[in-house]
>>> print(open('coords09.cif').read())   # mmCIF, C-alpha atoms
data_entry
#
loop_
_atom_site.label_atom_id
_atom_site.label_comp_id
_atom_site.auth_asym_id
_atom_site.auth_seq_id
_atom_site.Cartn_x
_atom_site.Cartn_y
_atom_site.Cartn_z
CA MET A 299 -0.74 66.78 -58.70
CA PRO A 300 -1.60 70.35 -59.76
CA VAL A 301 -3.75 71.05 -56.68
CA GLN A 302 -0.91 70.32 -54.26
CA SER A 303 1.56 72.46 -56.17
CA ARG A 304 -0.87 75.40 -56.18
CA SER A 305 -1.51 75.18 -52.42
CA SER A 306 2.19 74.87 -51.60
CA LYS A 307 2.93 77.88 -53.78
CA SER A 308 0.24 79.87 -51.98
CA SER A 309 1.51 78.94 -48.50
CA SER A 310 5.11 79.75 -49.40
CA SER A 311 4.12 83.18 -50.73
CA SER A 312 2.19 83.97 -47.53
CA ARG A 313 5.29 83.12 -45.45
CA GLY A 314 7.55 85.31 -47.52
CA GLY A 315 8.35 88.65 -45.91
CA GLY A 316 7.63 92.00 -47.50
CA GLY A 317 5.98 90.72 -50.67
CA ALA A 318 2.33 91.31 -51.55
CA ILE A 319 0.01 88.39 -51.06
CA SER A 320 -0.96 86.94 -54.39
CA PRO A 321 -4.73 86.95 -54.92
CA LEU A 322 -6.62 83.71 -54.99
CA PRO A 323 -9.23 82.94 -57.64
CA TYR A 324 -12.65 84.30 -56.81
CA GLY A 325 -14.86 81.79 -55.07
CA ASP A 326 -18.22 80.60 -56.22
CA ALA A 327 -21.04 82.98 -55.37
CA SER A 328 -22.84 80.31 -53.39
CA SER A 329 -19.85 78.68 -51.72
CA HIS A 330 -19.45 81.31 -49.02
CA LEU A 331 -22.82 80.42 -47.52
CA SER A 332 -21.50 77.20 -46.12
CA SER A 333 -18.46 78.81 -44.47
CA ILE A 334 -20.21 81.68 -42.72
CA LEU A 335 -22.20 81.56 -39.51
CA THR A 336 -25.95 81.14 -39.62
CA PRO A 337 -28.02 83.90 -37.92
CA GLN A 338 -28.71 81.60 -34.98
CA GLN A 339 -25.00 80.81 -34.53
CA TYR A 340 -24.16 84.51 -34.90
CA LEU A 341 -26.59 85.46 -32.10
CA GLN A 342 -25.35 82.64 -29.89
CA ARG A 343 -21.79 83.91 -30.22
CA MET A 344 -22.94 87.45 -29.44
CA LEU A 345 -24.32 86.20 -26.11
CA ASP A 346 -21.02 84.54 -25.18
CA LEU A 347 -18.21 87.02 -24.50
CA GLN A 348 -15.60 84.26 -24.53
CA GLN A 349 -16.33 83.59 -28.21
CA MET A 350 -15.79 87.21 -29.27
CA ASP A 351 -12.50 88.97 -29.90
CA LEU A 352 -13.37 92.34 -28.37
CA GLN A 353 -9.81 93.66 -28.50
CA SER A 354 -9.62 93.08 -32.24
CA ALA A 355 -12.92 94.92 -32.71
CA ILE A 356 -11.63 97.87 -30.67
CA ASP A 357 -8.44 97.97 -32.72
CA GLN A 358 -10.47 98.02 -35.93
CA MET A 359 -12.53 100.95 -34.64
CA ARG A 360 -9.36 102.84 -33.86
CA THR A 361 -8.10 102.17 -37.36
CA LEU A 362 -11.35 103.46 -38.87
CA LEU A 363 -10.79 106.73 -37.00
CA SER A 364 -7.21 107.04 -38.23
CA PHE A 365 -5.80 108.42 -41.48
CA TYR A 366 -5.74 104.90 -42.96
CA PRO A 367 -9.24 103.41 -42.50
CA GLN A 368 -8.75 101.24 -45.60
CA ARG A 369 -6.49 98.94 -43.57
CA VAL A 370 -9.58 97.43 -41.93
CA TYR A 371 -10.64 95.98 -45.28
CA LYS A 372 -7.37 94.08 -45.65
CA MET A 373 -8.70 91.75 -42.96
CA ALA A 374 -11.70 91.03 -45.18
CA TYR A 375 -9.30 90.03 -47.97
CA TYR A 376 -7.50 87.63 -45.63
CA ARG A 377 -10.84 86.14 -44.55
CA LYS A 378 -11.67 85.48 -48.18
CA GLN A 379 -8.41 83.61 -48.65
CA THR A 380 -8.67 81.54 -45.46
CA LYS A 381 -12.43 81.11 -44.93
CA ASN A 382 -13.85 81.82 -48.40
CA HIS A 383 -16.07 84.71 -47.33
CA TRP A 384 -15.58 88.46 -47.01
CA ALA A 385 -17.89 89.21 -44.07
CA ARG A 386 -16.95 89.05 -40.40
CA ASP A 387 -17.93 85.90 -38.57
CA ASP A 388 -17.11 87.43 -35.18
CA PRO A 389 -20.05 89.47 -33.79
CA ALA A 390 -17.78 91.46 -31.45
CA PHE A 391 -17.82 94.54 -33.71
CA CYS A 392 -21.63 94.67 -33.79
CA PHE A 393 -21.83 93.86 -30.08
CA LEU A 394 -19.63 96.81 -29.15
CA GLN A 395 -21.58 99.17 -31.41
CA ILE A 396 -24.86 98.16 -29.79
CA ILE A 397 -23.39 98.71 -26.31
CA MET A 398 -22.10 102.14 -27.30
CA ILE A 399 -25.43 103.17 -28.83
CA VAL A 400 -27.33 102.01 -25.73
CA ALA A 401 -25.00 103.94 -23.41
CA SER A 402 -25.10 107.13 -25.49
CA SER A 403 -28.88 106.95 -25.90
CA ILE A 404 -29.32 106.74 -22.12
CA ALA A 405 -27.00 109.73 -21.73
CA TYR A 406 -29.04 111.73 -24.26
CA GLY A 407 -32.23 110.73 -22.45
CA PHE A 408 -30.93 112.19 -19.20
CA ALA A 409 -29.57 115.27 -20.97
CA PHE A 410 -33.02 116.03 -22.42
CA ARG A 411 -34.66 115.13 -19.09
CA ILE A 412 -36.75 112.21 -20.22
CA ALA A 413 -38.63 111.49 -17.01
CA SER A 414 -39.99 107.97 -17.38
CA LEU A 415 -38.07 104.73 -17.73
CA PRO A 416 -40.33 103.44 -20.55
CA ALA A 417 -39.60 106.60 -22.55
CA ILE A 418 -35.85 106.14 -22.15
CA LEU A 419 -36.09 102.46 -23.08
CA GLY A 420 -38.17 103.43 -26.11
CA PHE A 421 -35.55 105.92 -27.24
CA VAL A 422 -32.81 103.32 -26.74
CA ALA A 423 -34.75 100.77 -28.80
CA LYS A 424 -35.37 103.37 -31.51
CA SER A 425 -31.67 104.24 -31.63
CA VAL A 426 -30.59 100.61 -31.99
CA LEU A 427 -33.37 99.27 -34.22
CA ILE A 428 -33.85 102.30 -36.49
CA HIS A 429 -30.74 104.48 -36.40
CA TRP A 430 -28.24 101.62 -36.51
CA LEU A 431 -29.96 98.41 -37.63
CA GLY A 432 -32.69 99.84 -39.87
CA PHE A 433 -30.40 102.36 -41.50
CA GLY A 434 -27.79 99.62 -41.92
CA VAL A 435 -30.20 97.18 -43.54
CA VAL A 436 -31.28 99.83 -46.05
CA MET A 437 -27.74 100.94 -46.86
CA ALA A 438 -26.42 97.37 -47.12
CA SER A 439 -29.29 96.29 -49.36
CA VAL A 440 -29.00 99.33 -51.64
CA GLY A 441 -25.20 99.12 -51.77
CA ARG A 442 -25.23 95.41 -52.56
CA LEU A 443 -27.89 95.91 -55.25
CA VAL A 444 -25.95 98.71 -56.93
CA ALA A 445 -22.68 96.78 -56.75
CA ASN A 446 -24.03 93.48 -58.06
CA GLN A 447 -26.09 94.97 -60.87
CA HIS A 448 -23.93 97.86 -62.07
CA LEU A 449 -20.35 97.65 -60.76
CA MET A 450 -19.25 94.11 -61.56
CA THR A 451 -15.99 93.88 -63.49
CA ALA A 452 -16.71 92.89 -67.10
CA GLU A 453 -13.38 91.25 -67.95
CA ARG A 454 -12.06 88.28 -65.97
CA SER A 455 -9.66 85.46 -66.63
CA SER A 456 -11.08 82.04 -67.31
CA SER A 457 -9.82 80.76 -63.94
CA HIS A 458 -12.00 83.21 -62.00
CA VAL A 459 -15.53 82.25 -61.09
CA LYS A 460 -18.16 84.97 -60.95
CA GLN A 461 -18.75 86.29 -57.45
CA ASN A 462 -21.36 88.59 -55.93
CA VAL A 463 -21.19 90.97 -52.99
CA GLU A 464 -22.30 89.21 -49.82
CA TRP A 465 -25.10 90.96 -47.98
CA LEU A 466 -23.33 90.42 -44.66
CA TYR A 467 -20.23 92.07 -46.08
CA ALA A 468 -22.34 95.03 -47.20
CA PHE A 469 -23.67 95.26 -43.64
CA ASP A 470 -20.08 95.08 -42.36
CA VAL A 471 -19.32 98.09 -44.55
CA HIS A 472 -22.18 99.96 -42.88
CA CYS A 473 -20.90 99.02 -39.42
CA ASN A 474 -17.43 100.26 -40.32
CA ALA A 475 -18.77 103.52 -41.71
CA PHE A 476 -21.00 104.00 -38.66
CA VAL A 477 -17.98 104.29 -36.32
CA PRO A 478 -16.94 107.89 -37.18
CA LEU A 479 -20.60 108.87 -37.51
CA PHE A 480 -21.20 107.60 -33.98
CA VAL A 481 -18.16 109.41 -32.59
CA LEU A 482 -19.23 112.75 -34.09
CA LEU A 483 -23.02 112.65 -33.67
CA TYR A 484 -23.36 110.56 -30.52
CA GLY A 485 -20.12 111.54 -28.80
CA VAL A 486 -18.77 114.95 -29.77
CA GLN A 487 -22.21 116.48 -30.28
CA PHE A 488 -23.28 115.39 -26.79
CA PHE A 489 -20.62 117.58 -25.17
CA LEU A 490 -21.51 120.47 -27.47
CA LEU A 491 -25.28 120.38 -26.87
CA PRO A 492 -25.44 123.83 -25.19
CA LEU A 493 -23.75 125.30 -28.26
CA VAL A 494 -25.33 123.38 -31.15
CA LEU A 495 -28.88 123.84 -29.81
CA GLY A 496 -28.56 127.62 -29.93
CA THR A 497 -30.11 129.90 -32.53
CA SER A 498 -27.02 131.81 -33.63
CA LEU A 499 -25.04 131.42 -36.84
CA LEU A 500 -22.21 129.88 -34.82
CA SER A 501 -24.56 127.21 -33.47
CA LEU A 502 -25.82 126.45 -36.97
CA GLY A 503 -22.27 126.28 -38.32
CA VAL A 504 -20.95 123.93 -35.64
CA SER A 505 -24.01 121.67 -35.80
CA ASN A 506 -24.12 121.37 -39.58
CA THR A 507 -20.35 120.91 -39.76
CA LEU A 508 -20.63 117.93 -37.39
CA PHE A 509 -23.39 116.38 -39.49
CA ALA A 510 -21.60 117.06 -42.79
CA LEU A 511 -18.36 115.54 -41.52
CA ALA A 512 -20.17 112.53 -40.02
CA PHE A 513 -22.11 111.61 -43.15
CA GLY A 514 -19.27 112.54 -45.49
CA TRP A 515 -16.98 110.25 -43.53
CA TYR A 516 -19.67 107.57 -43.58
CA PHE A 517 -19.89 107.52 -47.37
CA TYR A 518 -16.11 107.71 -47.76
CA ILE A 519 -15.57 104.56 -45.68
CA THR A 520 -18.49 102.95 -47.53
CA HIS A 521 -16.65 103.66 -50.77
CA LEU A 522 -13.47 102.11 -49.37
CA GLY A 523 -15.37 98.97 -48.45
CA TYR A 524 -16.67 98.34 -51.95
CA ARG A 525 -13.40 99.44 -53.55
CA ALA A 526 -11.62 96.69 -51.58
CA LEU A 527 -13.49 94.02 -53.56
CA PRO A 528 -11.38 93.11 -56.62
CA PHE A 529 -14.37 92.13 -58.76
CA LEU A 530 -15.97 95.61 -58.59
CA SER A 531 -15.17 98.69 -60.64
CA ASN A 532 -16.28 102.33 -60.68
CA THR A 533 -16.94 102.26 -56.93
CA GLU A 534 -16.59 106.05 -56.90
CA VAL A 535 -20.38 106.15 -57.22
CA PHE A 536 -20.53 105.66 -53.45
CA LEU A 537 -18.88 109.07 -53.08
CA PHE A 538 -21.64 110.87 -54.97
CA PRO A 539 -23.78 111.51 -51.83
CA ILE A 540 -20.95 113.66 -50.51
CA VAL A 541 -21.72 116.16 -53.29
CA ALA A 542 -25.31 116.45 -52.04
CA ILE A 543 -24.03 116.85 -48.47
CA LEU A 544 -21.75 119.71 -49.51
CA PHE A 545 -24.58 121.39 -51.42
CA ILE A 546 -26.91 121.27 -48.41
CA TYR A 547 -24.10 122.44 -46.13
CA VAL A 548 -23.31 125.50 -48.27
CA PHE A 549 -27.00 126.24 -48.91
CA ASN A 550 -27.67 126.51 -45.17
CA PHE A 551 -24.97 129.16 -44.76
CA VAL A 552 -26.05 131.13 -47.82
CA GLY A 553 -29.70 130.93 -46.86
CA TYR A 554 -29.23 131.83 -43.19
CA PRO A 555 -29.63 135.62 -43.68
CA PHE A 556 -32.89 134.92 -45.53
CA GLY A 557 -34.29 132.57 -42.90
CA LEU A 558 -33.45 129.45 -44.91
CA GLY A 559 -30.70 128.08 -42.70
CA TRP A 560 -31.57 124.91 -40.78
CA ASN A 561 -29.71 123.73 -37.70
CA ALA A 562 -29.49 119.91 -37.96
CA SER A 563 -29.10 119.41 -34.21
CA ARG A 564 -32.19 121.48 -33.40
CA ILE A 565 -34.23 119.58 -35.98
CA ILE A 566 -33.18 116.19 -34.56
CA ALA A 567 -33.83 117.36 -30.99
CA TYR A 568 -37.30 118.57 -31.92
CA VAL A 569 -38.19 115.34 -33.73
CA TYR A 570 -37.07 113.01 -30.95
CA PHE A 571 -37.55 114.98 -27.75
CA GLU A 572 -40.14 117.72 -28.28
CA SER A 573 -42.60 116.50 -30.92
#
>>> encode(input="coords09.cif", output="structure tokens")
Amino acid sequence: MPVQSRSSKSSSSSRGGGGAISPLPYGDASSHLSSILTPQQYLQRMLDLQQMDLQSAIDQMRTLLSFYPQRVYKMAYYRKQTKNHWARDDPAFCFLQIIMIVASSIAYGFAFRIASLPAILGFVAKSVLIHWLGFGVVMASVGRLVANQHLMTAERSSSHVKQNVEWLYAFDVHCNAFVPLFVLLYGVQFFLLPLVLGTSLLSLGVSNTLFALAFGWYFYITHLGYRALPFLSNTEVFLFPIVAILFIYVFNFVGYPFGLGWNASRIIAYVYFES
């Protein structure tokens, strides 16, 4: 009975203390679809707080803000072994992010003295549907396309079945990477608005540093998410945008004396609150 001996060996290794968990063979690319929630089930769970593990989602966010954000992706590896899919099936993480974005958007609306309720609701909807969801859909789709077409590992053993990056996992990667971006651009920047909206070199430096750190951190955690998948290689390509971020960051300081320095916070404020 070879199947029974393999399962017993796997369970005994998971009970052993201190040792690394031995990887399971990659699942079929289509098999994960049956073990993951449908969109309707996902939304139903999001509307029922009792079906969401909010404390686990909060702990994951704390981990993403620590010096070891890669630990969050170990949970994805365990999900693959136990449920045969990499993506979260608990909507608590997304639910908390939506709540945080709604709250911060309302705070920004009051800070910029948006008078009417429809205008505030419009800004809230724009923040959720464009800044978080729209940006996430684009980044997940592009990341999954790049990974599946260019980063798949060429050599595998005969016991491993070819596997592709799940789109929901790619969106999970975006949600993970969005946490530090939210903290810096929705949280820290809010309390520094009187400073970052100024016209001095100090204002430009603080504002652009916040944006550079936020997006640099975003792409670093994105890289960690794809690097965690054992069937991908050369995932360092997801770090390449950081080079462009550094170039823009330095260019703004060098160009400031010549009128070529742009304050990111002032540009965003003009686009969303003054245009």
>>> resolve_selection(input="coords09.cif", expression="the PyMOL selection byres ((chain A and resi 371-388) around 6)", output="list in words")
His330, Gln368, Arg369, Val370, Pro389, Ala390, Leu466 and Tyr467 of chain A
>>> atom_distance(input="coords09.cif", atom1="atom CA of A:Gly407", atom2="atom CA of A:Ile428")
16.5 Å
>>> closest_residue(input="coords09.cif", among="A:Gly514, A:Asn506, A:Leu362, A:Thr451", to="A:Val471", atoms="only C-alpha atoms")
A:Leu362
>>> resolve_selection(input="coords09.cif", expression="the PyMOL selection byres ((chain A and resi 397) around 12)", output="list in words")
Met344, Ala390, Phe391, Cys392, Phe393, Leu394, Gln395, Ile396, Met398, Ile399, Val400, Ala401, Ser402, Ser403, Ile404, Val422, Ala423, Ser425, Val426, Trp430 and Phe480 of chain A
>>> write_last_selection(input="coords09.cif", atoms="C-alpha atoms", output="mmCIF file, keeping the file's coordinate frame")
data_model
loop_
_atom_site.group_PDB
_atom_site.id
_atom_site.type_symbol
_atom_site.label_atom_id
_atom_site.label_comp_id
_atom_site.auth_asym_id
_atom_site.auth_seq_id
_atom_site.Cartn_x
_atom_site.Cartn_y
_atom_site.Cartn_z
ATOM 1 C CA MET A 344 -22.940 87.450 -29.440
ATOM 2 C CA ALA A 390 -17.780 91.460 -31.450
ATOM 3 C CA PHE A 391 -17.820 94.540 -33.710
ATOM 4 C CA CYS A 392 -21.630 94.670 -33.790
ATOM 5 C CA PHE A 393 -21.830 93.860 -30.080
ATOM 6 C CA LEU A 394 -19.630 96.810 -29.150
ATOM 7 C CA GLN A 395 -21.580 99.170 -31.410
ATOM 8 C CA ILE A 396 -24.860 98.160 -29.790
ATOM 9 C CA MET A 398 -22.100 102.140 -27.300
ATOM 10 C CA ILE A 399 -25.430 103.170 -28.830
ATOM 11 C CA VAL A 400 -27.330 102.010 -25.730
ATOM 12 C CA ALA A 401 -25.000 103.940 -23.410
ATOM 13 C CA SER A 402 -25.100 107.130 -25.490
ATOM 14 C CA SER A 403 -28.880 106.950 -25.900
ATOM 15 C CA ILE A 404 -29.320 106.740 -22.120
ATOM 16 C CA VAL A 422 -32.810 103.320 -26.740
ATOM 17 C CA ALA A 423 -34.750 100.770 -28.800
ATOM 18 C CA SER A 425 -31.670 104.240 -31.630
ATOM 19 C CA VAL A 426 -30.590 100.610 -31.990
ATOM 20 C CA TRP A 430 -28.240 101.620 -36.510
ATOM 21 C CA PHE A 480 -21.200 107.600 -33.980
#
>>> closest_residue(input="coords09.cif", among="A:Leu537, A:Val477, A:Leu558, A:Gly434", to="A:Arg360", atoms="all atoms listed in the file")
A:Val477
>>> resolve_selection(input="coords09.cif", expression="the PyMOL selection byres ((chain A and resi 533) around 12)", output="PDB file with C-alpha atoms, keeping the file's coordinate frame")
ATOM      1  CA  GLY A 441     -25.200  99.120 -51.770  1.00  0.00           C
ATOM      2  CA  ARG A 442     -25.230  95.410 -52.560  1.00  0.00           C
ATOM      3  CA  VAL A 444     -25.950  98.710 -56.930  1.00  0.00           C
ATOM      4  CA  ALA A 445     -22.680  96.780 -56.750  1.00  0.00           C
ATOM      5  CA  ASN A 446     -24.030  93.480 -58.060  1.00  0.00           C
ATOM      6  CA  HIS A 448     -23.930  97.860 -62.070  1.00  0.00           C
ATOM      7  CA  LEU A 449     -20.350  97.650 -60.760  1.00  0.00           C
ATOM      8  CA  MET A 450     -19.250  94.110 -61.560  1.00  0.00           C
ATOM      9  CA  THR A 451     -15.990  93.880 -63.490  1.00  0.00           C
ATOM     10  CA  PHE A 517     -19.890 107.520 -47.370  1.00  0.00           C
ATOM     11  CA  TYR A 518     -16.110 107.710 -47.760  1.00  0.00           C
ATOM     12  CA  ILE A 519     -15.570 104.560 -45.680  1.00  0.00           C
ATOM     13  CA  THR A 520     -18.490 102.950 -47.530  1.00  0.00           C
ATOM     14  CA  HIS A 521     -16.650 103.660 -50.770  1.00  0.00           C
ATOM     15  CA  LEU A 522     -13.470 102.110 -49.370  1.00  0.00           C
ATOM     16  CA  GLY A 523     -15.370  98.970 -48.450  1.00  0.00           C
ATOM     17  CA  TYR A 524     -16.670  98.340 -51.950  1.00  0.00           C
ATOM     18  CA  ARG A 525     -13.400  99.440 -53.550  1.00  0.00           C
ATOM     19  CA  ALA A 526     -11.620  96.690 -51.580  1.00  0.00           C
ATOM     20  CA  LEU A 527     -13.490  94.020 -53.560  1.00  0.00           C
ATOM     21  CA  PRO A 528     -11.380  93.110 -56.620  1.00  0.00           C
ATOM     22  CA  PHE A 529     -14.370  92.130 -58.760  1.00  0.00           C
ATOM     23  CA  LEU A 530     -15.970  95.610 -58.590  1.00  0.00           C
ATOM     24  CA  SER A 531     -15.170  98.690 -60.640  1.00  0.00           C
ATOM     25  CA  ASN A 532     -16.280 102.330 -60.680  1.00  0.00           C
ATOM     26  CA  GLU A 534     -16.590 106.050 -56.900  1.00  0.00           C
ATOM     27  CA  VAL A 535     -20.380 106.150 -57.220  1.00  0.00           C
ATOM     28  CA  PHE A 536     -20.530 105.660 -53.450  1.00  0.00           C
ATOM     29  CA  LEU A 537     -18.880 109.070 -53.080  1.00  0.00           C
ATOM     30  CA  PHE A 538     -21.640 110.870 -54.970  1.00  0.00           C
TER      31      PHE A 538
END
>>> closest_residue(input="coords09.cif", among="A:Tyr406, A:Trp515, A:Phe489, A:Tyr484", to="A:Ile540", atoms="all atoms listed in the file")
A:Trp515
>>> atom_distance(input="coords09.cif", atom1="atom CA of A:Leu500", atom2="atom CA of A:Asn561")
10.1 Å
>>> residues_around(input="coords09.cif", residues="A:Gly496", least_positions_apart="6", cutoff="10 Å", atoms="all atoms listed in the file", output="count of residues only")
5
>>> atom_distance(input="coords09.cif", atom1="atom CA of A:Phe421", atom2="atom CA of A:Tyr570")
8.1 Å
>>> closest_residue(input="coords09.cif", among="A:Ala562, A:Ala510, A:Leu443, A:Cys473", to="A:Val494", atoms="all atoms listed in the file")
A:Ala562
